[in-house]
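Let me begin by presenting the structure, written as structure tokens, before commenting on it.
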Amino acid sequence: MKKLILLILFYCFASSLVMAQKDVDFDNNPTFKDRIFFGGGMGFSGSSQQTNITLSPIVGYMITQQWSAGVGVTYQYVKLKNYDISDNLWGGNVFTRYSIDQFFAQAEYDYINFDSNLLDDRDNRDSATRFLLGGGISQPLGNRGAVNLLAMYDLTYNNDGPYDSPWVFRVYFSF
């Protein structure tokens with residue numbers, strides 16, 4: 001597994017040296033439309049005990065060539081098969097990102113709403129927030145697109161929330 005991760009990171013690093021970055025000319029006052037980018041991710045994981053489906057679109061704005069900010073929404077469906085229960089989690093986030101070449105640092109504030117007692121028949125909705133800091137690498141895909149690998153740590157991690165770890169790892173796309 002370590003060899004696969006190192007191979008992916010090497011590929012991202014090596015190929016980003018020969019591919020163009022986002023083609024936004026900040027010297028000639030780009031339009032609002034030129035500065036907007038869209039993206040997000042989706043995920044699926046499943047086992048004999050659990051199914052998890054995630055959708056997380058984002059929209060962002062390039063403030064400068066290196067600095068961007070944006071918002072996103074999150075929907076997650078979780079089904080625990082052994083207990084025959086499921087939950088729909090939903091929320092949103094705001095983020096800011098600073099890029100240096102293909103590497104970037106990111107700060108993010110997340111909100112999520114979830115059923116706080118899945119094993120009980122009552123619908124007990126609760127919410128949690130987290131403040132994430134981390135960094136990643138961006139692999140350009142043409143003039144405007146990119147695939148991004150991101151690792152972040154939750155500075156406000158609390159075991160009482162819906163997450164079982166303070167670490168967040170993502171692969172997402174932007175266009």
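Residues in the structure tokens are named by chain (A, B, ... in the order shown) and by number from 1 within that chain; ligands are numbered from 1 in the order shown.
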TODO: For A:Gln50, list every protein, DNA or RNA residue within 6 Å, evaluated using only C-alpha atoms, and leave out those in the same chain fewer than 5 positions away; present the list as a list in words.
DONE: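 Everything that qualifies: Lys79, Leu80 and Lys81 of chain A.
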Open item on the list: as a PyMOL selection string, please: every residue in stretch 20-172 of chain A that a backbone DSSP assignment puts in alpha helix (DSSP H).
Closed with: chain A and resi 32-35
With C-alpha atoms kept, could you save the residues just selected as a PDB file, in the first residue's frame?
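So the final result, stored in out.pdb, reads:
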ATOM      1  CA  PHE A  32     -15.815  37.247 -12.327  1.00  0.00           C
ATOM      2  CA  LYS A  33     -16.742  34.209 -14.424  1.00  0.00           C
ATOM      3  CA  ASP A  34     -13.066  33.463 -15.138  1.00  0.00           C
ATOM      4  CA  ARG A  35     -12.292  33.413 -11.400  1.00  0.00           C
TER       5      ARG A  35
END
TODO: Apply DSSP to the structure's backbone, then extract all residues of stretch 62-116 of chain A labelled strand (DSSP E) and return them as number ranges by chain.
DONE: A: 62, 67-80, 85-100, 103-115
Task: Surrounding residues of A:Thr96 excluding itself and chain neighbours under 5 positions, 8 Å, only C-alpha atoms, as JSON, numbers by chain - done: {"A": [67, 68, 69, 70, 106, 107, 108]}
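The space separating atom CA of A:Ser174 from atom CA of A:Leu155 comes to 25.5 Å.
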Task: Pick from A:Ala105, A:Asp126, A:Phe175, A:Tyr83, whichever lies nearest to A:Arg144 using only C-alpha atoms - done: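 For A:Arg144, the nearest of the given residues is A:Phe175.
Remark: for A:Gly40, the closest of the candidate residues A:Thr64, A:Asn124, A:Asn93, A:Asn88 is A:Asn93 (distances computed over only C-alpha atoms).
Counting only C-alpha atoms, A:Tyr172 has the following residues at most 6 Å away, ignoring those fewer than 4 positions along the same chain: Gly40, Gly41, Val147 and Asn148 of chain A.
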With all heavy atoms kept, could you save the residues just selected as a CSV table (one decimal), in the first residue's frame?
chain,number,residue,atom,x,y,z
A,40,GLY,N,-15.8,19.2,-6.6
A,40,GLY,CA,-16.3,18.5,-5.5
A,40,GLY,C,-15.9,17.0,-5.6
A,40,GLY,O,-15.1,16.6,-6.4
A,41,GLY,N,-16.5,16.2,-4.8
A,41,GLY,CA,-16.2,14.8,-4.8
A,41,GLY,C,-17.4,14.0,-4.5
A,41,GLY,O,-18.5,14.5,-4.1
A,147,VAL,N,-7.2,17.5,-10.3
A,147,VAL,CA,-7.6,16.5,-9.3
A,147,VAL,C,-6.7,16.8,-8.1
A,147,VAL,O,-5.5,17.2,-8.2
A,147,VAL,CB,-7.3,15.1,-9.8
A,147,VAL,CG1,-5.9,14.8,-10.1
A,147,VAL,CG2,-7.8,14.1,-8.8
A,148,ASN,N,-7.3,16.8,-6.9
A,148,ASN,CA,-6.6,17.3,-5.7
A,148,ASN,C,-6.6,16.2,-4.7
A,148,ASN,O,-7.6,15.5,-4.4
A,148,ASN,CB,-7.4,18.5,-5.1
A,148,ASN,CG,-7.5,19.6,-6.1
A,148,ASN,OD1,-6.6,20.3,-6.4
A,148,ASN,ND2,-8.7,19.7,-6.7
TODO: Identify which of the residues A:Phe38, A:Tyr111, A:Tyr61, A:Tyr153 lies closest to A:Trp167, counting only C-alpha atoms when measuring atom-to-atom distances.
DONE: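 Of the candidates, the smallest distance to A:Trp167 is held by A:Tyr153.
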- [ ] Name the residues in contact with A:Phe103 at a cut-off of 7 Å, using only C-alpha atoms, excluding same-chain residues fewer than 5 positions from it; report them as an NGL selection string.
- [x] :A and (136-138)
Preceding selection exported with N, CA and C atoms as a compact mmCIF listing (two decimals), in the first residue's frame:
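Full text of selection-v6.txt as output:
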# COMPACT_ATOMS: atom_id res chain seq x y z
N GLY A 136 -2.22 19.72 0.66
CA GLY A 136 -2.36 18.72 -0.37
C GLY A 136 -1.56 19.04 -1.60
N ILE A 137 -1.87 18.29 -2.63
CA ILE A 137 -1.21 18.44 -3.92
C ILE A 137 -2.30 18.45 -5.00
N SER A 138 -2.10 19.30 -6.00
CA SER A 138 -3.08 19.45 -7.07
C SER A 138 -2.44 19.04 -8.39
- [ ] Excluding A:Asn158 and any residue of its chain fewer than 6 positions from it, enumerate the residues within 10 Å of it, using only C-alpha atoms, and give them as a list in words.
- [x]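 Near A:Asn158, the qualifying residues are Ala128, Thr129, Arg130, Asp164, Ser165 and Pro166 of chain A.
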Open item on the list: Just to confirm, what's the straight-line distance from atom CA of A:Phe44 to atom CA of A:Pro162 in Å (one decimal)?
Closed with: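 Between atom CA of A:Phe44 and atom CA of A:Pro162 the gap works out to 17.4 Å.
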TODO: Can you work out the spacing between atom CA of A:Asp123 and atom CA of A:Gly43 in Å, to one decimal?
DONE: 25.5 Å
